[in-house]
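These notes concern the structure reproduced below.
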Amino acid sequence: MKFLIISGMSGAGKSRVADILEDMNYYCVDNMPAALLPKLAEFCMGMGGRYEKVALVTDIRDKDGVDAIFASLDKLWDIGCDYEILYVEADKPTIIKRQKESRRPHPLQAETGSLDAAIDLEIRRMERLRDSADYII
């Protein structure tokens, strides 16, 4: 089974990547809590090849934070599920433009008070996950 974790910056295009992967016959799940990741993997592994290519989008929206993502990734290794991480990013002006076009607040904006500060905080919080990525787009 091929298990791909898609993560990265809010507004960088993770959902678009998931759409493309669906066209490539991946089973994709967007914004599932990281704590459920091992259960999803166990389910897919137990389906006798029905879910051979699975992609999960997880990011800063996970209420338990990036540490929860890493805890779940450790559990994947424990159950024998191999995975790769694809990290999607964009420059700050592009993120700002996309956030304004979406008319939705950045997931960290309430915490920081401004879009600019929210993006800076997200970059810092996601750095460890970015550093662990197998691929960066």
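Residue numbers start at 1 in each chain; chains themselves are named A, B, ... in the order of the structure tokens; ligands are numbered from 1 in the order shown.
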
- Query: Could you name the residues that touch Ala71 in chain A at 9 Å or less, counting only C-alpha atoms, but leaving out those on the same chain fewer than 5 positions away, as an MDAnalysis selection string?
  - Reply: chainID A and resid 34:35 66 76

- Message: For Ala55 in chain A, find every residue with an atom within 6 Å (counting only C-alpha atoms), except residues of its own chain fewer than 2 positions away, and show them as a list in words.
- Response: Phe3, Leu4, Ile5 and Cys28 of chain A

- Tell me, in Å to one decimal, how far CA of Met1 in chain A is from CA of Asp23 in chain A.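 Taking CA of Met1 in chain A as the start and CA of Asp23 in chain A as the end point, the length is 17.5 Å.
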
- Query: Of the residues A:Cys81, A:Leu129, A:Ile137, A:Leu108, which is the one nearest to Ser10 in chain A, using only C-alpha atoms?
  - Reply: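 Comparing A:Cys81, A:Leu129, A:Ile137, A:Leu108 against Ser10 in chain A, the winner is A:Leu108.
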
- Looking only at alpha helix (DSSP H) from DSSP on the backbone, list the matching residues of chain A as an NGL selection string. :A and (14-23 or 37-45 or 66-78 or 92-102 or 109-112 or 115-132)

- Pick out the closest residue to Ala68 in chain A from this set: A:Leu36, A:Ile96, A:Cys44, A:Leu21. Count only C-alpha atoms.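 Once distances to Ala68 in chain A are computed over only C-alpha atoms, the minimum belongs to A:Leu36.
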
- Item | Contacts of Lys92 in chain A within 9 Å, only C-alpha atoms, excl. fewer than 4 positions in-chain, as a VMD selection string | chain A and resid 96 to 97 116 119 to 120

- Item | From A:Val57, A:Ala110, A:Met126, A:Ala41, residue lying nearest Asp78 in chain A [only C-alpha atoms] | A:Ala41
